[in-house]
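For reference, model05.pdb is printed below; it contains PDB, C-alpha atoms and all ligand atoms.
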ATOM      1  CA  MET A   1     136.110  81.145 105.099  1.00  0.00           C
ATOM      2  CA  LYS A   2     133.173  79.470 106.815  1.00  0.00           C
ATOM      3  CA  PRO A   3     130.063  81.620 107.379  1.00  0.00           C
ATOM      4  CA  GLU A   4     130.432  81.285 111.189  1.00  0.00           C
ATOM      5  CA  GLU A   5     134.040  82.547 110.974  1.00  0.00           C
ATOM      6  CA  LEU A   6     132.957  85.439 108.795  1.00  0.00           C
ATOM      7  CA  ILE A   7     130.412  86.509 111.403  1.00  0.00           C
ATOM      8  CA  LYS A   8     133.053  86.156 114.124  1.00  0.00           C
ATOM      9  CA  VAL A   9     135.468  88.463 112.268  1.00  0.00           C
ATOM     10  CA  LEU A  10     132.675  90.958 111.510  1.00  0.00           C
ATOM     11  CA  TYR A  11     131.827  91.152 115.222  1.00  0.00           C
ATOM     12  CA  GLU A  12     135.500  91.541 116.154  1.00  0.00           C
ATOM     13  CA  MET A  13     135.514  94.554 113.858  1.00  0.00           C
ATOM     14  CA  PHE A  14     132.078  95.840 114.912  1.00  0.00           C
ATOM     15  CA  PRO A  15     131.265  94.510 118.392  1.00  0.00           C
ATOM     16  CA  ASP A  16     128.422  97.015 118.758  1.00  0.00           C
ATOM     17  CA  ALA A  17     126.665  96.157 115.496  1.00  0.00           C
ATOM     18  CA  ARG A  18     122.989  96.733 116.241  1.00  0.00           C
ATOM     19  CA  CYS A  19     119.988  98.698 115.025  1.00  0.00           C
ATOM     20  CA  GLU A  20     120.966 102.357 115.455  1.00  0.00           C
ATOM     21  CA  LEU A  21     117.480 103.797 115.216  1.00  0.00           C
ATOM     22  CA  ASP A  22     115.852 104.955 118.471  1.00  0.00           C
ATOM     23  CA  PHE A  23     112.282 103.774 119.060  1.00  0.00           C
ATOM     24  CA  THR A  24     109.854 103.169 121.894  1.00  0.00           C
ATOM     25  CA  ASP A  25     107.309 100.852 120.284  1.00  0.00           C
ATOM     26  CA  ASP A  26     106.471  99.052 117.041  1.00  0.00           C
ATOM     27  CA  PHE A  27     104.856 102.097 115.421  1.00  0.00           C
ATOM     28  CA  SER A  28     107.796 104.397 116.142  1.00  0.00           C
ATOM     29  CA  LEU A  29     110.242 101.754 114.854  1.00  0.00           C
ATOM     30  CA  LEU A  30     108.341 101.266 111.608  1.00  0.00           C
ATOM     31  CA  CYS A  31     108.133 105.032 111.040  1.00  0.00           C
ATOM     32  CA  ALA A  32     111.837 105.467 111.867  1.00  0.00           C
ATOM     33  CA  ILE A  33     112.841 102.784 109.331  1.00  0.00           C
ATOM     34  CA  LEU A  34     110.675 104.435 106.710  1.00  0.00           C
ATOM     35  CA  LEU A  35     112.215 107.836 107.472  1.00  0.00           C
ATOM     36  CA  SER A  36     115.762 106.463 107.281  1.00  0.00           C
ATOM     37  CA  ALA A  37     115.626 106.088 103.467  1.00  0.00           C
ATOM     38  CA  GLN A  38     118.478 108.078 101.930  1.00  0.00           C
ATOM     39  CA  THR A  39     119.609 109.622 105.198  1.00  0.00           C
ATOM     40  CA  THR A  40     121.454 108.449 108.305  1.00  0.00           C
ATOM     41  CA  ASP A  41     120.004 106.842 111.425  1.00  0.00           C
ATOM     42  CA  LYS A  42     121.627 109.628 113.465  1.00  0.00           C
ATOM     43  CA  GLN A  43     119.661 112.250 111.550  1.00  0.00           C
ATOM     44  CA  VAL A  44     116.443 110.265 112.011  1.00  0.00           C
ATOM     45  CA  ASN A  45     117.092 110.015 115.772  1.00  0.00           C
ATOM     46  CA  LYS A  46     117.227 113.810 115.971  1.00  0.00           C
ATOM     47  CA  ILE A  47     113.790 114.127 114.397  1.00  0.00           C
ATOM     48  CA  THR A  48     111.758 111.256 115.836  1.00  0.00           C
ATOM     49  CA  PRO A  49     111.540 112.564 119.445  1.00  0.00           C
ATOM     50  CA  ILE A  50     109.898 115.732 118.070  1.00  0.00           C
ATOM     51  CA  LEU A  51     107.648 113.760 115.724  1.00  0.00           C
ATOM     52  CA  PHE A  52     106.450 111.261 118.330  1.00  0.00           C
ATOM     53  CA  GLN A  53     106.017 113.830 121.058  1.00  0.00           C
ATOM     54  CA  ARG A  54     103.169 115.188 118.945  1.00  0.00           C
ATOM     55  CA  PHE A  55     102.039 112.146 116.970  1.00  0.00           C
ATOM     56  CA  SER A  56     102.795 109.060 119.013  1.00  0.00           C
ATOM     57  CA  THR A  57     100.040 106.782 117.668  1.00  0.00           C
ATOM     58  CA  PRO A  58      98.645 105.955 114.217  1.00  0.00           C
ATOM     59  CA  LYS A  59      95.436 107.733 115.212  1.00  0.00           C
ATOM     60  CA  LEU A  60      97.209 110.982 116.116  1.00  0.00           C
ATOM     61  CA  MET A  61      99.470 110.845 113.073  1.00  0.00           C
ATOM     62  CA  MET A  62      96.563 110.134 110.761  1.00  0.00           C
ATOM     63  CA  LYS A  63      94.991 113.415 111.898  1.00  0.00           C
ATOM     64  CA  ALA A  64      98.163 115.469 111.357  1.00  0.00           C
ATOM     65  CA  SER A  65      98.219 117.635 108.263  1.00  0.00           C
ATOM     66  CA  LEU A  66     100.854 116.931 105.628  1.00  0.00           C
ATOM     67  CA  ASN A  67     102.300 120.397 106.298  1.00  0.00           C
ATOM     68  CA  GLU A  68     102.740 119.640 109.986  1.00  0.00           C
ATOM     69  CA  LEU A  69     104.552 116.385 109.206  1.00  0.00           C
ATOM     70  CA  GLU A  70     106.610 117.957 106.463  1.00  0.00           C
ATOM     71  CA  ASP A  71     107.778 120.790 108.738  1.00  0.00           C
ATOM     72  CA  ILE A  72     109.103 118.306 111.293  1.00  0.00           C
ATOM     73  CA  ILE A  73     110.839 115.916 108.928  1.00  0.00           C
ATOM     74  CA  ARG A  74     112.226 118.499 106.483  1.00  0.00           C
ATOM     75  CA  PRO A  75     115.854 118.121 107.697  1.00  0.00           C
ATOM     76  CA  LEU A  76     115.797 114.483 106.520  1.00  0.00           C
ATOM     77  CA  GLY A  77     115.185 115.366 102.877  1.00  0.00           C
ATOM     78  CA  LEU A  78     112.411 113.975 100.639  1.00  0.00           C
ATOM     79  CA  ALA A  79     110.030 115.549 103.146  1.00  0.00           C
ATOM     80  CA  LYS A  80     107.092 115.767 100.747  1.00  0.00           C
ATOM     81  CA  ASN A  81     107.181 112.058  99.939  1.00  0.00           C
ATOM     82  CA  LYS A  82     108.050 110.945 103.429  1.00  0.00           C
ATOM     83  CA  SER A  83     105.247 112.962 105.028  1.00  0.00           C
ATOM     84  CA  LYS A  84     102.762 111.418 102.601  1.00  0.00           C
ATOM     85  CA  TYR A  85     104.071 107.936 103.397  1.00  0.00           C
ATOM     86  CA  LEU A  86     103.801 108.576 107.135  1.00  0.00           C
ATOM     87  CA  SER A  87     100.283 109.921 106.815  1.00  0.00           C
ATOM     88  CA  ASN A  88      99.109 107.073 104.581  1.00  0.00           C
ATOM     89  CA  LEU A  89     100.872 104.496 106.735  1.00  0.00           C
ATOM     90  CA  ALA A  90      99.233 105.797 109.917  1.00  0.00           C
ATOM     91  CA  THR A  91      95.823 105.933 108.215  1.00  0.00           C
ATOM     92  CA  SER A  92      96.139 102.387 106.929  1.00  0.00           C
ATOM     93  CA  ILE A  93      97.241 101.002 110.306  1.00  0.00           C
ATOM     94  CA  GLU A  94      94.475 102.867 112.128  1.00  0.00           C
ATOM     95  CA  LEU A  95      91.631 102.095 109.762  1.00  0.00           C
ATOM     96  CA  GLU A  96      92.550  98.655 108.397  1.00  0.00           C
ATOM     97  CA  PHE A  97      94.398  97.149 111.341  1.00  0.00           C
ATOM     98  CA  ASP A  98      92.581  98.711 114.262  1.00  0.00           C
ATOM     99  CA  GLY A  99      95.599 100.856 115.145  1.00  0.00           C
ATOM    100  CA  LYS A 100      97.919  97.861 115.545  1.00  0.00           C
ATOM    101  CA  VAL A 101     101.077  97.422 113.467  1.00  0.00           C
ATOM    102  CA  PRO A 102     100.918  94.030 111.709  1.00  0.00           C
ATOM    103  CA  ASN A 103     103.604  91.506 112.612  1.00  0.00           C
ATOM    104  CA  ASP A 104     103.948  89.622 109.363  1.00  0.00           C
ATOM    105  CA  VAL A 105     106.299  90.474 106.488  1.00  0.00           C
ATOM    106  CA  LYS A 106     103.731  89.799 103.774  1.00  0.00           C
ATOM    107  CA  ILE A 107     101.084  91.964 105.472  1.00  0.00           C
ATOM    108  CA  LEU A 108     103.572  94.714 106.299  1.00  0.00           C
ATOM    109  CA  GLU A 109     104.519  94.870 102.626  1.00  0.00           C
ATOM    110  CA  THR A 110     100.952  95.887 101.805  1.00  0.00           C
ATOM    111  CA  LEU A 111     101.270  99.068 103.902  1.00  0.00           C
ATOM    112  CA  PRO A 112     102.004 102.379 102.145  1.00  0.00           C
ATOM    113  CA  GLY A 113     105.729 103.096 101.946  1.00  0.00           C
ATOM    114  CA  VAL A 114     106.715  99.712 103.386  1.00  0.00           C
ATOM    115  CA  GLY A 115     108.783  97.580 101.025  1.00  0.00           C
ATOM    116  CA  HIS A 116     110.239  94.124 101.575  1.00  0.00           C
ATOM    117  CA  LYS A 117     113.492  95.416 103.098  1.00  0.00           C
ATOM    118  CA  THR A 118     111.673  97.681 105.567  1.00  0.00           C
ATOM    119  CA  ALA A 119     109.355  94.833 106.561  1.00  0.00           C
ATOM    120  CA  CYS A 120     112.316  92.476 107.152  1.00  0.00           C
ATOM    121  CA  VAL A 121     114.291  95.050 109.164  1.00  0.00           C
ATOM    122  CA  PHE A 122     111.197  95.699 111.281  1.00  0.00           C
ATOM    123  CA  MET A 123     110.434  92.028 111.965  1.00  0.00           C
ATOM    124  CA  ALA A 124     114.075  91.242 112.748  1.00  0.00           C
ATOM    125  CA  GLU A 125     114.494  94.171 115.117  1.00  0.00           C
ATOM    126  CA  TYR A 126     111.131  94.177 116.880  1.00  0.00           C
ATOM    127  CA  TYR A 127     110.288  90.476 116.920  1.00  0.00           C
ATOM    128  CA  ASN A 128     113.743  88.936 116.503  1.00  0.00           C
ATOM    129  CA  GLU A 129     112.388  87.083 113.470  1.00  0.00           C
ATOM    130  CA  PRO A 130     115.269  85.779 111.316  1.00  0.00           C
ATOM    131  CA  HIS A 131     115.747  87.852 108.166  1.00  0.00           C
ATOM    132  CA  ILE A 132     118.680  89.172 106.162  1.00  0.00           C
ATOM    133  CA  ALA A 133     117.489  92.502 104.857  1.00  0.00           C
ATOM    134  CA  VAL A 134     119.573  93.571 101.879  1.00  0.00           C
ATOM    135  CA  ASP A 135     120.114  97.283 101.459  1.00  0.00           C
ATOM    136  CA  THR A 136     122.733  99.034  99.353  1.00  0.00           C
ATOM    137  CA  HIS A 137     125.488  98.356 101.945  1.00  0.00           C
ATOM    138  CA  VAL A 138     124.752  94.660 102.378  1.00  0.00           C
ATOM    139  CA  GLN A 139     124.429  94.301  98.616  1.00  0.00           C
ATOM    140  CA  ARG A 140     127.810  95.947  97.975  1.00  0.00           C
ATOM    141  CA  VAL A 141     129.843  94.069 100.591  1.00  0.00           C
ATOM    142  CA  SER A 142     128.218  90.704  99.794  1.00  0.00           C
ATOM    143  CA  ASN A 143     129.398  91.092  96.200  1.00  0.00           C
ATOM    144  CA  ARG A 144     132.845  92.386  97.139  1.00  0.00           C
ATOM    145  CA  LEU A 145     133.372  89.514  99.551  1.00  0.00           C
ATOM    146  CA  GLY A 146     132.308  87.099  96.831  1.00  0.00           C
ATOM    147  CA  LEU A 147     129.422  85.759  98.911  1.00  0.00           C
ATOM    148  CA  VAL A 148     127.131  86.501  95.977  1.00  0.00           C
ATOM    149  CA  ASP A 149     127.456  87.552  92.375  1.00  0.00           C
ATOM    150  CA  SER A 150     124.258  89.466  91.887  1.00  0.00           C
ATOM    151  CA  ASP A 151     122.911  92.922  91.219  1.00  0.00           C
ATOM    152  CA  ASN A 152     119.466  91.927  92.435  1.00  0.00           C
ATOM    153  CA  VAL A 153     118.781  92.459  96.140  1.00  0.00           C
ATOM    154  CA  LEU A 154     116.141  89.731  96.369  1.00  0.00           C
ATOM    155  CA  LYS A 155     118.504  87.225  94.772  1.00  0.00           C
ATOM    156  CA  THR A 156     121.217  88.346  97.200  1.00  0.00           C
ATOM    157  CA  GLU A 157     118.843  87.876 100.121  1.00  0.00           C
ATOM    158  CA  LYS A 158     118.006  84.308  99.027  1.00  0.00           C
ATOM    159  CA  GLU A 159     121.671  83.491  98.524  1.00  0.00           C
ATOM    160  CA  LEU A 160     122.721  84.905 101.914  1.00  0.00           C
ATOM    161  CA  GLU A 161     119.896  82.964 103.563  1.00  0.00           C
ATOM    162  CA  ARG A 162     121.291  79.837 101.956  1.00  0.00           C
ATOM    163  CA  ILE A 163     124.846  80.575 103.140  1.00  0.00           C
ATOM    164  CA  PHE A 164     124.156  81.493 106.780  1.00  0.00           C
ATOM    165  CA  LYS A 165     122.359  79.437 109.412  1.00  0.00           C
ATOM    166  CA  LYS A 166     118.906  80.719 110.213  1.00  0.00           C
ATOM    167  CA  GLU A 167     119.862  81.521 113.809  1.00  0.00           C
ATOM    168  CA  ASP A 168     122.678  83.730 112.441  1.00  0.00           C
ATOM    169  CA  TYR A 169     120.587  85.739 109.954  1.00  0.00           C
ATOM    170  CA  ILE A 170     120.172  88.815 112.148  1.00  0.00           C
ATOM    171  CA  LYS A 171     123.838  88.846 113.193  1.00  0.00           C
ATOM    172  CA  ALA A 172     124.957  88.348 109.586  1.00  0.00           C
ATOM    173  CA  HIS A 173     122.739  91.214 108.439  1.00  0.00           C
ATOM    174  CA  LEU A 174     123.975  93.631 111.104  1.00  0.00           C
ATOM    175  CA  GLY A 175     127.635  92.644 110.665  1.00  0.00           C
ATOM    176  CA  LEU A 176     127.525  93.095 106.880  1.00  0.00           C
ATOM    177  CA  LEU A 177     125.547  96.323 107.289  1.00  0.00           C
ATOM    178  CA  PHE A 178     128.124  97.826 109.645  1.00  0.00           C
ATOM    179  CA  LEU A 179     130.974  96.695 107.396  1.00  0.00           C
ATOM    180  CA  GLY A 180     129.390  98.509 104.442  1.00  0.00           C
ATOM    181  CA  ARG A 181     128.276 101.530 106.431  1.00  0.00           C
ATOM    182  CA  TYR A 182     131.513 102.222 108.283  1.00  0.00           C
ATOM    183  CA  LEU A 183     134.449 100.616 106.462  1.00  0.00           C
ATOM    184  CA  CYS A 184     133.759  99.024 103.100  1.00  0.00           C
ATOM    185  CA  LYS A 185     132.348 102.226 101.650  1.00  0.00           C
ATOM    186  CA  SER A 186     131.329 102.591  98.061  1.00  0.00           C
ATOM    187  CA  LYS A 187     134.298 104.848  97.332  1.00  0.00           C
ATOM    188  CA  ASN A 188     137.598 104.311  99.160  1.00  0.00           C
ATOM    189  CA  PRO A 189     136.932 101.083 101.083  1.00  0.00           C
ATOM    190  CA  GLY A 190     139.180 100.842 104.140  1.00  0.00           C
ATOM    191  CA  CYS A 191     140.793  97.552 103.097  1.00  0.00           C
ATOM    192  CA  ASP A 192     143.996  98.225 105.051  1.00  0.00           C
ATOM    193  CA  LYS A 193     141.960  98.196 108.299  1.00  0.00           C
ATOM    194  CA  CYS A 194     139.679  95.308 107.335  1.00  0.00           C
ATOM    195  CA  GLY A 195     139.927  91.956 109.100  1.00  0.00           C
ATOM    196  CA  LEU A 196     138.607  90.261 105.962  1.00  0.00           C
ATOM    197  CA  LYS A 197     141.232  91.493 103.488  1.00  0.00           C
ATOM    198  CA  ASP A 198     143.048  88.127 103.224  1.00  0.00           C
ATOM    199  CA  PHE A 199     139.771  86.542 102.262  1.00  0.00           C
ATOM    200  CA  CYS A 200     138.467  89.305  99.991  1.00  0.00           C
ATOM    201  CA  LYS A 201     139.443  89.290  96.310  1.00  0.00           C
ATOM    202  CA  PHE A 202     138.082  92.783  95.727  1.00  0.00           C
ATOM    203  CA  GLY A 203     140.129  94.091  98.666  1.00  0.00           C
ATOM    204  CA  LYS A 204     143.331  92.451  97.427  1.00  0.00           C
ATOM    205  CA  ASN A 205     142.913  93.949  93.945  1.00  0.00           C
ATOM    206  CA  TYR A 206     141.940  97.300  95.385  1.00  0.00           C
ATOM    207  CA  GLU A 207     145.077  97.484  97.548  1.00  0.00           C
ATOM    208  CA  LYS A 208     147.264  96.349  94.628  1.00  0.00           C
ATOM    209  CA  ASN A 209     145.895  99.063  92.362  1.00  0.00           C
ATOM    210  CA  SER A 210     145.793 101.916  94.835  1.00  0.00           C
TER
HETATM  211  S1  LIG B   1     138.876  93.950 102.227  1.00  0.00           S
HETATM  212 FE1  LIG B   1     138.166  95.913 101.442  1.00  0.00          FE
HETATM  213  S2  LIG B   1     136.660  95.424  99.862  1.00  0.00           S
HETATM  214 FE2  LIG B   1     136.977  93.582 101.102  1.00  0.00          FE
HETATM  215  S3  LIG B   1     135.369  93.657 102.649  1.00  0.00           S
HETATM  216 FE3  LIG B   1     137.198  94.584 103.559  1.00  0.00          FE
HETATM  217  S4  LIG B   1     136.967  96.774 103.124  1.00  0.00           S
HETATM  218 FE4  LIG B   1     135.565  95.705 101.770  1.00  0.00          FE
END
Starting from the coordinates I provided, produce the structure as structure tokens.
Amino acid sequence: MKPEELIKVLYEMFPDARCELDFTDDFSLLCAILLSAQTTDKQVNKITPILFQRFSTPKLMMKASLNELEDIIRPLGLAKNKSKYLSNLATSIELEFDGKVPNDVKILETLPGVGHKTACVFMAEYYNEPHIAVDTHVQRVSNRLGLVDSDNVLKTEKELERIFKKEDYIKAHLGLLFLGRYLCKSKNPGCDKCGLKDFCKFGKNYEKNS
């Protein structure tokens, strides 16, 4: 299957594939991505209105105590770590970048709590810059579909960027993400409902053996 066809089928299955985090500006998006580690975007969306009502800028968040942040984000889990990340992130943006969120992957990666995947998701969503961020979902489905044969997310990213056209990177990322998040789950992938099952070796074997 050609990469363009793959994207077409993904969007037939998930026509609304898009970033599911709510945000109002670059700072709230970056914080929301950071908070979404090991929880769902829906959960994050319940918390961020409360968080940003009180601490809407790096300056305000920098001044918040860790306890205040932790109390708000507790329902997301990992609240101790996440509150430290938020506090350090806000402090770094305020003091080192004059309160402005950087708009460059390499610089973003230097911020506390911001890894390569977070930086790529941020740049793709906020600036429409072409990236294929590889998280656990994209990694799993890319291997199952036989697009890559890799257990290394950076290698997978490079390989996917070689396969898809640059102008399709964001669509490819969101389509693969939705496939992994909502159908091709780690346990019990929904192969019987998947538009890619004729193309997918893993799916064929899975159906045969189940
Ligand atoms: S056929 Fe099954 S394993 Fe393959 S992509 Fe679809 S859901 Fe995943």
Cut-off 7 Å: closest chain A/ligand LIG 1 (chain B) atom pairs per residue, using all atoms listed in the file, as a tab-separated table:
residue	atom	partner	partner_atom	distance
A:Val141	CA	B:LIG1	S3	5.9
A:Arg144	CA	B:LIG1	S2	5.6
A:Leu145	CA	B:LIG1	S3	5.5
A:Leu183	CA	B:LIG1	S4	5.7
A:Cys184	CA	B:LIG1	S4	3.9
A:Pro189	CA	B:LIG1	S4	4.8
A:Gly190	CA	B:LIG1	S4	4.7
A:Cys191	CA	B:LIG1	FE1	3.5
A:Cys194	CA	B:LIG1	FE3	4.6
A:Gly195	CA	B:LIG1	FE3	6.7
A:Leu196	CA	B:LIG1	FE3	5.1
A:Lys197	CA	B:LIG1	S1	3.6
A:Cys200	CA	B:LIG1	FE2	4.7
A:Lys201	CA	B:LIG1	FE2	6.9
A:Phe202	CA	B:LIG1	S2	5.1
A:Gly203	CA	B:LIG1	S1	3.8
A:Lys204	CA	B:LIG1	S1	6.7
Take the residues just selected and output them with C-alpha atoms as a compact mmCIF listing (two decimals), in the frame of the given file.
# COMPACT_ATOMS: atom_id res chain seq x y z
CA VAL A 141 129.84 94.07 100.59
CA ARG A 144 132.84 92.39 97.14
CA LEU A 145 133.37 89.51 99.55
CA LEU A 183 134.45 100.62 106.46
CA CYS A 184 133.76 99.02 103.10
CA PRO A 189 136.93 101.08 101.08
CA GLY A 190 139.18 100.84 104.14
CA CYS A 191 140.79 97.55 103.10
CA CYS A 194 139.68 95.31 107.34
CA GLY A 195 139.93 91.96 109.10
CA LEU A 196 138.61 90.26 105.96
CA LYS A 197 141.23 91.49 103.49
CA CYS A 200 138.47 89.30 99.99
CA LYS A 201 139.44 89.29 96.31
CA PHE A 202 138.08 92.78 95.73
CA GLY A 203 140.13 94.09 98.67
CA LYS A 204 143.33 92.45 97.43
Of A:Asn103, A:Gln53, A:Thr110, A:Ser83, the one nearest to A:Tyr126 when counting all atoms listed in the file is A:Asn103
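Of the listed residues A:Ala79, A:Leu51, A:Val44, A:Ile170, the one whose atoms come nearest to A:Glu125 is A:Ile170, with distances taken using all atoms listed in the file.
When only C-alpha atoms are used to compute distances to A:Leu174, the closest of the residues A:Asp98, A:Glu109, A:Asp22, A:Asp135 turns out to be A:Asp135.
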Give as a PDB file with C-alpha atoms, in the coordinates of the input the residues that the PyMOL selection byres (((chain A and resi 25) around 12) and not hetatm) matches when applied to the coordinates above.
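See selection17.pdb below for the written result:
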ATOM      1  CA  LEU A  21     117.480 103.797 115.216  1.00  0.00           C
ATOM      2  CA  ASP A  22     115.852 104.955 118.471  1.00  0.00           C
ATOM      3  CA  PHE A  23     112.282 103.774 119.060  1.00  0.00           C
ATOM      4  CA  THR A  24     109.854 103.169 121.894  1.00  0.00           C
ATOM      5  CA  ASP A  26     106.471  99.052 117.041  1.00  0.00           C
ATOM      6  CA  PHE A  27     104.856 102.097 115.421  1.00  0.00           C
ATOM      7  CA  SER A  28     107.796 104.397 116.142  1.00  0.00           C
ATOM      8  CA  LEU A  29     110.242 101.754 114.854  1.00  0.00           C
ATOM      9  CA  LEU A  30     108.341 101.266 111.608  1.00  0.00           C
ATOM     10  CA  CYS A  31     108.133 105.032 111.040  1.00  0.00           C
ATOM     11  CA  ALA A  32     111.837 105.467 111.867  1.00  0.00           C
ATOM     12  CA  PHE A  52     106.450 111.261 118.330  1.00  0.00           C
ATOM     13  CA  SER A  56     102.795 109.060 119.013  1.00  0.00           C
ATOM     14  CA  THR A  57     100.040 106.782 117.668  1.00  0.00           C
ATOM     15  CA  PRO A  58      98.645 105.955 114.217  1.00  0.00           C
ATOM     16  CA  LYS A 100      97.919  97.861 115.545  1.00  0.00           C
ATOM     17  CA  VAL A 101     101.077  97.422 113.467  1.00  0.00           C
ATOM     18  CA  PHE A 122     111.197  95.699 111.281  1.00  0.00           C
ATOM     19  CA  GLU A 125     114.494  94.171 115.117  1.00  0.00           C
ATOM     20  CA  TYR A 126     111.131  94.177 116.880  1.00  0.00           C
ATOM     21  CA  TYR A 127     110.288  90.476 116.920  1.00  0.00           C
TER      22      TYR A 127
END
